[in-house]
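The structure file final.cif is reproduced below (mmCIF, C-alpha atoms).
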data_coords
loop_
_atom_site.label_atom_id
_atom_site.label_comp_id
_atom_site.auth_asym_id
_atom_site.auth_seq_id
_atom_site.Cartn_x
_atom_site.Cartn_y
_atom_site.Cartn_z
CA MET A 1 37.24 4.12 7.10
CA ALA A 2 33.72 2.78 6.81
CA LEU A 3 30.86 5.19 6.26
CA ASN A 4 28.11 5.64 8.81
CA GLY A 5 24.54 6.74 8.44
CA GLY A 6 22.17 6.58 5.56
CA ASP A 7 18.57 5.52 5.76
CA VAL A 8 15.94 3.46 3.98
CA VAL A 9 12.77 5.48 4.45
CA LEU A 10 9.47 3.60 4.41
CA THR A 11 6.30 5.46 3.44
CA ARG A 12 2.86 4.22 2.42
CA GLU A 13 0.59 5.86 -0.16
CA HIS A 14 -2.69 5.20 -1.96
CA ASP A 15 -4.53 4.17 1.21
CA GLY A 16 -1.54 2.13 2.33
CA ARG A 17 -1.63 -0.16 -0.68
CA VAL A 18 1.72 0.99 -2.12
CA ALA A 19 4.86 1.00 0.04
CA TYR A 20 7.81 3.17 -1.01
CA LEU A 21 11.34 2.40 0.14
CA THR A 22 13.56 5.41 -0.49
CA LEU A 23 17.34 4.94 -0.31
CA SER A 24 18.79 8.05 1.27
CA HIS A 25 22.50 8.74 1.64
CA GLY A 26 23.79 11.75 -0.23
CA LYS A 27 24.27 12.53 -3.90
CA TYR A 28 25.59 9.09 -4.84
CA THR A 29 23.44 7.07 -2.39
CA VAL A 30 26.26 4.92 -1.06
CA VAL A 31 24.73 1.85 0.59
CA THR A 32 26.21 1.36 4.06
CA MET A 33 26.10 -1.82 6.13
CA GLU A 34 23.40 -0.19 8.24
CA MET A 35 21.31 0.50 5.14
CA ARG A 36 21.64 -3.12 4.04
CA ARG A 37 20.21 -4.19 7.38
CA LEU A 38 17.43 -1.63 7.09
CA VAL A 39 16.38 -2.97 3.67
CA ALA A 40 15.75 -6.38 5.24
CA GLU A 41 13.94 -4.86 8.23
CA ARG A 42 11.70 -2.70 6.04
CA PHE A 43 10.71 -5.66 3.88
CA ALA A 44 9.94 -7.74 6.96
CA GLU A 45 7.62 -4.97 8.11
CA ILE A 46 6.01 -4.68 4.68
CA ASP A 47 5.42 -8.42 4.42
CA ARG A 48 3.61 -8.35 7.77
CA ASP A 49 1.27 -5.61 6.56
CA PRO A 50 -1.71 -7.08 4.67
CA GLN A 51 -2.70 -3.61 3.44
CA VAL A 52 0.42 -3.27 1.28
CA ARG A 53 0.04 -4.81 -2.16
CA VAL A 54 2.98 -3.38 -4.15
CA VAL A 55 6.45 -2.11 -3.20
CA VAL A 56 8.56 0.55 -4.96
CA ILE A 57 12.30 1.09 -4.38
CA ARG A 58 13.77 4.45 -5.38
CA SER A 59 16.39 6.98 -4.26
CA ASP A 60 16.36 10.61 -3.17
CA GLY A 61 19.95 11.18 -4.35
CA GLN A 62 21.12 12.12 -7.82
CA HIS A 63 21.76 8.43 -8.47
CA PHE A 64 19.84 5.28 -7.52
CA THR A 65 23.08 4.13 -5.90
CA SER A 66 26.75 4.16 -6.79
CA GLY A 67 27.21 0.93 -4.81
CA GLY A 68 28.19 -0.16 -1.36
CA ASP A 69 30.43 1.25 1.33
CA ILE A 70 33.68 -0.40 0.22
CA ALA A 71 35.62 0.17 3.44
CA GLY A 72 32.74 -1.31 5.43
CA PHE A 73 33.43 -4.77 4.03
CA MET A 74 36.78 -4.86 5.81
CA GLU A 75 34.96 -4.54 9.12
CA VAL A 76 32.85 -7.65 8.51
CA ASP A 77 34.23 -11.04 9.52
CA PRO A 78 34.79 -13.19 6.39
CA ILE A 79 32.53 -15.96 7.72
CA ASP A 80 29.70 -13.44 8.10
CA LEU A 81 30.00 -12.40 4.46
CA THR A 82 28.40 -15.69 3.42
CA ASP A 83 25.05 -14.35 4.68
CA LEU A 84 25.55 -10.76 3.58
CA GLY A 85 23.46 -11.05 0.45
CA GLN A 86 20.34 -12.01 2.40
CA ASP A 87 19.59 -8.39 3.27
CA VAL A 88 19.57 -6.60 -0.10
CA THR A 89 17.93 -9.54 -1.86
CA ALA A 90 14.86 -9.25 0.36
CA PRO A 91 12.79 -8.04 -2.65
CA ALA A 92 13.10 -11.49 -4.25
CA ARG A 93 11.81 -13.21 -1.10
CA SER A 94 8.95 -10.76 -0.56
CA THR A 95 5.50 -12.15 -1.37
CA LYS A 96 4.61 -8.79 -2.91
CA PRO A 97 5.65 -7.45 -6.33
CA VAL A 98 8.57 -5.01 -6.15
CA ILE A 99 9.33 -2.28 -8.70
CA ALA A 100 12.77 -0.62 -8.89
CA ALA A 101 12.82 2.97 -10.22
CA ILE A 102 16.41 3.40 -11.42
CA ASP A 103 17.74 6.82 -12.40
CA GLY A 104 21.48 7.39 -12.81
CA TYR A 105 24.06 4.97 -11.44
CA CYS A 106 23.02 1.53 -10.30
CA PHE A 107 26.28 -0.14 -9.37
CA GLY A 108 27.43 -3.06 -7.27
CA VAL A 109 25.10 -3.92 -4.42
CA GLY A 110 22.57 -1.49 -5.88
CA LEU A 111 22.34 -3.51 -9.09
CA GLU A 112 22.15 -6.74 -7.11
CA MET A 113 19.22 -5.32 -5.15
CA ALA A 114 17.55 -4.13 -8.37
CA LEU A 115 18.05 -7.53 -10.00
CA SER A 116 16.18 -9.11 -7.09
CA CYS A 117 13.17 -6.89 -7.82
CA ASP A 118 10.37 -8.04 -10.11
CA ILE A 119 10.22 -5.03 -12.46
CA ARG A 120 12.97 -2.52 -13.25
CA LEU A 121 12.35 0.80 -15.01
CA GLY A 122 14.89 3.48 -15.86
CA THR A 123 15.80 6.68 -17.72
CA PRO A 124 18.32 7.43 -20.51
CA ARG A 125 20.89 8.33 -17.85
CA THR A 126 20.60 4.92 -16.15
CA GLN A 127 23.88 3.01 -16.04
CA LEU A 128 24.27 -0.48 -14.60
CA ALA A 129 27.47 -2.18 -13.48
CA LEU A 130 28.96 -4.87 -11.29
CA PRO A 131 32.44 -3.35 -10.86
CA GLU A 132 33.77 -5.68 -8.16
CA MET A 133 36.68 -6.82 -10.37
CA ASN A 134 38.24 -3.42 -9.73
CA LEU A 135 38.55 -4.45 -6.08
CA GLY A 136 39.80 -7.99 -6.63
CA MET A 137 36.37 -9.32 -5.74
CA ILE A 138 33.23 -10.74 -7.36
CA PRO A 139 29.58 -9.79 -6.77
CA GLY A 140 28.39 -11.49 -3.59
CA SER A 141 24.66 -10.78 -3.33
CA GLY A 142 23.30 -12.71 -6.28
CA GLY A 143 24.74 -10.58 -9.06
CA THR A 144 26.55 -13.32 -10.96
CA GLN A 145 23.56 -15.65 -10.99
CA ARG A 146 20.71 -13.22 -11.61
CA LEU A 147 22.51 -11.28 -14.36
CA ALA A 148 23.47 -14.48 -16.19
CA ARG A 149 19.87 -15.67 -16.12
CA LEU A 150 18.64 -12.36 -17.50
CA ILE A 151 21.11 -11.67 -20.28
CA GLY A 152 22.84 -14.99 -20.90
CA LEU A 153 26.12 -16.44 -19.72
CA SER A 154 28.38 -14.91 -22.35
CA ARG A 155 27.17 -11.33 -21.84
CA ALA A 156 27.22 -11.73 -18.06
CA LYS A 157 30.80 -13.00 -18.12
CA PHE A 158 31.87 -10.06 -20.25
CA HIS A 159 30.28 -7.38 -18.07
CA ILE A 160 31.27 -8.96 -14.74
CA MET A 161 34.79 -10.04 -15.70
CA THR A 162 35.62 -6.72 -17.37
CA ALA A 163 33.62 -4.46 -15.02
CA THR A 164 32.05 -2.84 -18.09
CA ARG A 165 28.96 -0.69 -17.61
CA ILE A 166 25.66 -1.48 -19.29
CA GLN A 167 24.02 1.60 -20.77
CA ALA A 168 20.29 2.29 -20.52
CA GLN A 169 19.25 1.34 -24.06
CA GLN A 170 21.37 -1.79 -23.90
CA ALA A 171 19.73 -2.75 -20.61
CA LEU A 172 16.31 -2.25 -22.18
CA ASP A 173 17.19 -4.29 -25.27
CA TRP A 174 18.50 -7.15 -23.13
CA GLY A 175 15.50 -7.24 -20.82
CA ILE A 176 17.14 -5.96 -17.65
CA LEU A 177 14.95 -2.89 -17.80
CA ALA A 178 11.28 -3.19 -18.77
CA GLY A 179 10.97 0.45 -19.83
CA LEU A 180 12.77 3.80 -20.24
CA TYR A 181 11.28 7.23 -19.48
CA ASP A 182 12.55 10.69 -20.39
CA ASP A 183 13.76 11.80 -16.96
CA ARG A 184 13.35 11.17 -13.25
CA ASP A 185 10.03 12.99 -12.99
CA ALA A 186 8.59 10.95 -15.85
CA LEU A 187 10.03 7.75 -14.39
CA TYR A 188 8.62 8.32 -10.92
CA ALA A 189 5.24 9.30 -12.34
CA GLU A 190 5.10 6.13 -14.43
CA VAL A 191 6.20 3.96 -11.52
CA ASP A 192 3.54 5.50 -9.30
CA ALA A 193 0.85 4.89 -11.93
CA LEU A 194 2.04 1.32 -12.49
CA ALA A 195 2.13 0.58 -8.75
CA LEU A 196 -1.39 1.95 -8.33
CA LYS A 197 -2.62 -0.17 -11.24
CA MET A 198 -1.08 -3.31 -9.77
CA ALA A 199 -2.46 -2.48 -6.33
CA GLY A 200 -5.91 -2.79 -7.87
CA PHE A 201 -5.33 -6.42 -8.81
CA SER A 202 -5.91 -9.41 -6.55
CA PRO A 203 -3.08 -9.72 -3.99
CA ALA A 204 -3.48 -13.49 -4.17
CA ALA A 205 -3.08 -13.48 -7.95
CA LEU A 206 -0.06 -11.16 -7.80
CA ARG A 207 1.62 -13.28 -5.12
CA THR A 208 0.94 -16.47 -7.06
CA ALA A 209 2.14 -15.07 -10.38
CA LYS A 210 5.43 -13.98 -8.77
CA GLU A 211 5.98 -17.39 -7.22
CA VAL A 212 5.10 -19.37 -10.35
CA LEU A 213 7.36 -17.22 -12.53
CA ASP A 214 10.29 -17.30 -10.11
CA ARG A 215 10.08 -21.02 -9.34
CA GLY A 216 9.18 -22.17 -12.83
CA VAL A 217 11.88 -20.35 -14.78
CA ASP A 218 14.71 -22.26 -13.09
CA GLY A 219 13.26 -25.70 -13.75
CA PRO A 220 12.30 -27.79 -16.77
CA LEU A 221 9.41 -26.52 -18.89
CA TYR A 222 7.18 -29.42 -17.84
CA THR A 223 7.73 -28.63 -14.15
CA GLY A 224 6.88 -24.97 -14.68
CA ILE A 225 3.72 -25.80 -16.58
CA GLU A 226 2.64 -28.23 -13.87
CA LEU A 227 3.26 -25.58 -11.22
CA GLU A 228 1.25 -23.07 -13.24
CA ARG A 229 -1.64 -25.51 -13.69
CA LYS A 230 -1.90 -26.25 -9.98
CA ALA A 231 -1.64 -22.56 -9.05
CA TYR A 232 -4.39 -21.75 -11.57
CA SER A 233 -6.60 -24.39 -10.00
CA MET A 234 -5.90 -23.03 -6.52
CA LEU A 235 -6.85 -19.48 -7.51
CA ARG A 236 -10.13 -20.79 -8.93
CA ALA A 237 -11.25 -21.35 -5.33
CA THR A 238 -10.56 -17.78 -4.15
CA GLU A 239 -13.15 -15.12 -3.45
CA ASP A 240 -11.13 -12.74 -5.60
CA PHE A 241 -11.62 -14.89 -8.70
CA ALA A 242 -15.35 -15.10 -8.08
CA GLU A 243 -15.43 -11.32 -7.64
CA GLY A 244 -13.45 -10.82 -10.84
CA VAL A 245 -15.82 -12.96 -12.86
CA LYS A 246 -18.85 -11.23 -11.33
CA ALA A 247 -17.42 -7.76 -11.96
CA PHE A 248 -16.61 -8.68 -15.56
CA GLY A 249 -20.19 -9.71 -16.16
CA GLU A 250 -21.52 -6.56 -14.50
CA LYS A 251 -19.05 -4.35 -16.42
CA ARG A 252 -17.60 -2.77 -13.27
CA THR A 253 -14.23 -2.55 -11.54
CA PRO A 254 -13.66 -5.56 -9.25
CA ASN A 255 -13.05 -5.07 -5.54
CA PHE A 256 -10.32 -7.54 -4.70
CA THR A 257 -9.64 -8.32 -1.04
CA GLY A 258 -6.89 -10.91 -1.23
CA ARG A 259 -9.09 -13.78 -0.12
#
Please lay out the structure from this file as structure tokens.
Amino acid sequence: MALNGGDVVLTREHDGRVAYLTLSHGKYTVVTMEMRRLVAERFAEIDRDPQVRVVVIRSDGQHFTSGGDIAGFMEVDPIDLTDLGQDVTAPARSTKPVIAAIDGYCFGVGLEMALSCDIRLGTPRTQLALPEMNLGMIPGSGGTQRLARLIGLSRAKFHIMTATRIQAQQALDWGILAGLYDDRDALYAEVDALALKMAGFSPAALRTAKEVLDRGVDGPLYTGIELERKAYSMLRATEDFAEGVKAFGEKRTPNFTGR
């Protein structure tokens, strides 16, 4: 029987510049079909809000998420499953940088959502896995492709085809995680500080950096460099760049507006 309930709570802090999406569904934070839909809805709302500059995804359970509601998949028509991954991969399509704060389990759809974020940070108790082989299935929300691009084809095949967990230090060494912190309190404090720091940067520069990195990495080096060059030239015309140069000369903190 499919699970009901769960929520994706949206809050705004630091004068509305940082949006927090908190996954909420019990100790193991099982992601229901309703929660998948809510992730997409919350990101649509965030992307419409010009005040928000950075997004953080976290959980209020003991684990980031143990994965999806398995029984719920049997209630979805097979043809509809082809679009299922569009909801939890909303972080990748967002124009704003997204940080995932991962403590404890990050399995299945939870890992696929985290992989679609721009920065992932964890704790020593973080464990990552795509365990779909145990169900006679494969990851269906970008997991095969994003993991292979992060850690290489051979490692991705091993962990997906054997459903083997990736431990925290391993994830850090392989570049899945960008940092490890002692415990959840330390992790959330660091994520908050990082989000606040990034919120002080130019929204235009952040948006452009995300797009250039995401688009360039999948193409030839020459194409990526050309994209970078043109984006650099475009940012030269922004008010934020002029403000940054002026503030540098005046030895003060710049006031970026996103224009």
Q. Expressed in Å to a single decimal, how great is the separation between CA of Asp87 (chain A) and CA of Arg36 (chain A)?
A. 5.7 Å
Q: List the residues matched by the PyMOL selection byres ((chain A and resi 102) around 7) in the displayed structure as a count of residues only, ordered by chain and then by residue number.
A: 10
Q.
Which residues are near Ser59 (chain A)? Cut-off 7 Å, only C-alpha atoms, ignore same chain within fewer than 2 positions. Put them as a VMD selection string.
A. chain A and resid 22 to 24 61 63 to 64
Q) Hey, can you check how far CA of Gln170 (chain A) sits from CA of Arg149 (chain A)? A) 16.0 Å
**Q.** Å distance separating CA of Thr164 (chain A) from CA of Ala129 (chain A), one decimal place
**A.**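 Separation between CA of Thr164 (chain A) and CA of Ala129 (chain A): 6.5 Å.
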Q: Write out as a ChimeraX atom specification which residues come within 7 Å of region 46-54 of chain A when counting only C-alpha atoms, dropping same-chain ones fewer than 5 positions away.
A: /A:16-19,94-98,195,198-199,203
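Comparing A:Thr223, A:Thr32, A:Thr162, A:Gln169 by their smallest distance to Ile70 (chain A), the closest is A:Thr32 (using only C-alpha atoms).
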**Q.** Selection result for the PyMOL selection byres ((chain A and resi 209) around 12) on this file, as a list in words
**A.** Thr95, Lys96, Pro97, Asp118, Phe201, Ser202, Pro203, Ala204, Ala205, Leu206, Arg207, Thr208, Lys210, Glu211, Val212, Leu213, Asp214, Arg215, Gly216, Val217, Gly224, Leu227, Glu228, Arg229, Lys230, Ala231, Tyr232, Met234 and Leu235 of chain A
Q: Using all atoms listed in the file, determine which residues lie at most 8 Å from Thr89 (chain A), disregarding the query and same-chain residues fewer than 3 positions distant; provide the list as an MDAnalysis selection string.
A: chainID A and resid 85:86 92:93 112:113 116 141:142
Please produce a file of those selected residues containing C-alpha atoms, as a compact mmCIF listing (two decimals), keeping the file's coordinate frame.
# COMPACT_ATOMS: atom_id res chain seq x y z
CA GLY A 85 23.46 -11.05 0.45
CA GLN A 86 20.34 -12.01 2.40
CA ALA A 92 13.10 -11.49 -4.25
CA ARG A 93 11.81 -13.21 -1.10
CA GLU A 112 22.15 -6.74 -7.11
CA MET A 113 19.22 -5.32 -5.15
CA SER A 116 16.18 -9.11 -7.09
CA SER A 141 24.66 -10.78 -3.33
CA GLY A 142 23.30 -12.71 -6.28
Q) Using all atoms listed in the file, which of A:Gly140, A:Ser66, A:Ala168, A:Ile176 sits nearest Cys117 (chain A)? A)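 Using all atoms listed in the file, the shortest distance to Cys117 (chain A) belongs to A:Ile176.
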(Q) Using all atoms listed in the file, which protein or nucleic acid residues come within 12 Å of Gly244 (chain A)? Drop anything in the same chain fewer than 5 positions from it, and give the result as an NGL selection string. (A) :A and (200-202 or 205 or 235-236 or 238-239 or 249-259)
Q: Find the residue from A:Leu153, A:Gly67, A:Val191, A:Ala186 that sits nearest to Pro139 (chain A); use only C-alpha atoms when measuring.
A: A:Gly67
Q. Looking at only C-alpha atoms, which of A:Asn4, A:Asn134, A:Gln62, A:Thr123 is the one that sits closest to Met33 (chain A)?
A.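 Once distances to Met33 (chain A) are computed over only C-alpha atoms, the minimum belongs to A:Asn4.
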Distance query 12 Å from (34.3, -7.3, -5.7) using all atoms listed in the file, result as a CSV table (one decimal) with C-alpha atoms, in the coordinates of the input:
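Once everything was written out, this is point_3.csv:
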chain,number,residue,atom,x,y,z
A,67,GLY,CA,27.2,0.9,-4.8
A,68,GLY,CA,28.2,-0.2,-1.4
A,69,ASP,CA,30.4,1.2,1.3
A,70,ILE,CA,33.7,-0.4,0.2
A,71,ALA,CA,35.6,0.2,3.4
A,73,PHE,CA,33.4,-4.8,4.0
A,107,PHE,CA,26.3,-0.1,-9.4
A,108,GLY,CA,27.4,-3.1,-7.3
A,109,VAL,CA,25.1,-3.9,-4.4
A,129,ALA,CA,27.5,-2.2,-13.5
A,130,LEU,CA,29.0,-4.9,-11.3
A,131,PRO,CA,32.4,-3.4,-10.9
A,132,GLU,CA,33.8,-5.7,-8.2
A,133,MET,CA,36.7,-6.8,-10.4
A,134,ASN,CA,38.2,-3.4,-9.7
A,135,LEU,CA,38.6,-4.4,-6.1
A,136,GLY,CA,39.8,-8.0,-6.6
A,137,MET,CA,36.4,-9.3,-5.7
A,138,ILE,CA,33.2,-10.7,-7.4
A,139,PRO,CA,29.6,-9.8,-6.8
A,140,GLY,CA,28.4,-11.5,-3.6
A,141,SER,CA,24.7,-10.8,-3.3
A,143,GLY,CA,24.7,-10.6,-9.1
A,144,THR,CA,26.6,-13.3,-11.0
A,160,ILE,CA,31.3,-9.0,-14.7
A,161,MET,CA,34.8,-10.0,-15.7
A,162,THR,CA,35.6,-6.7,-17.4
A,163,ALA,CA,33.6,-4.5,-15.0
Q | Hits of the PyMOL selection byres ((chain A and resi 5) around 8) in this structure, as a list in words | A | Leu3, Asn4, Gly6, Asp7, His25, Thr32, Glu34 and Met35 of chain A
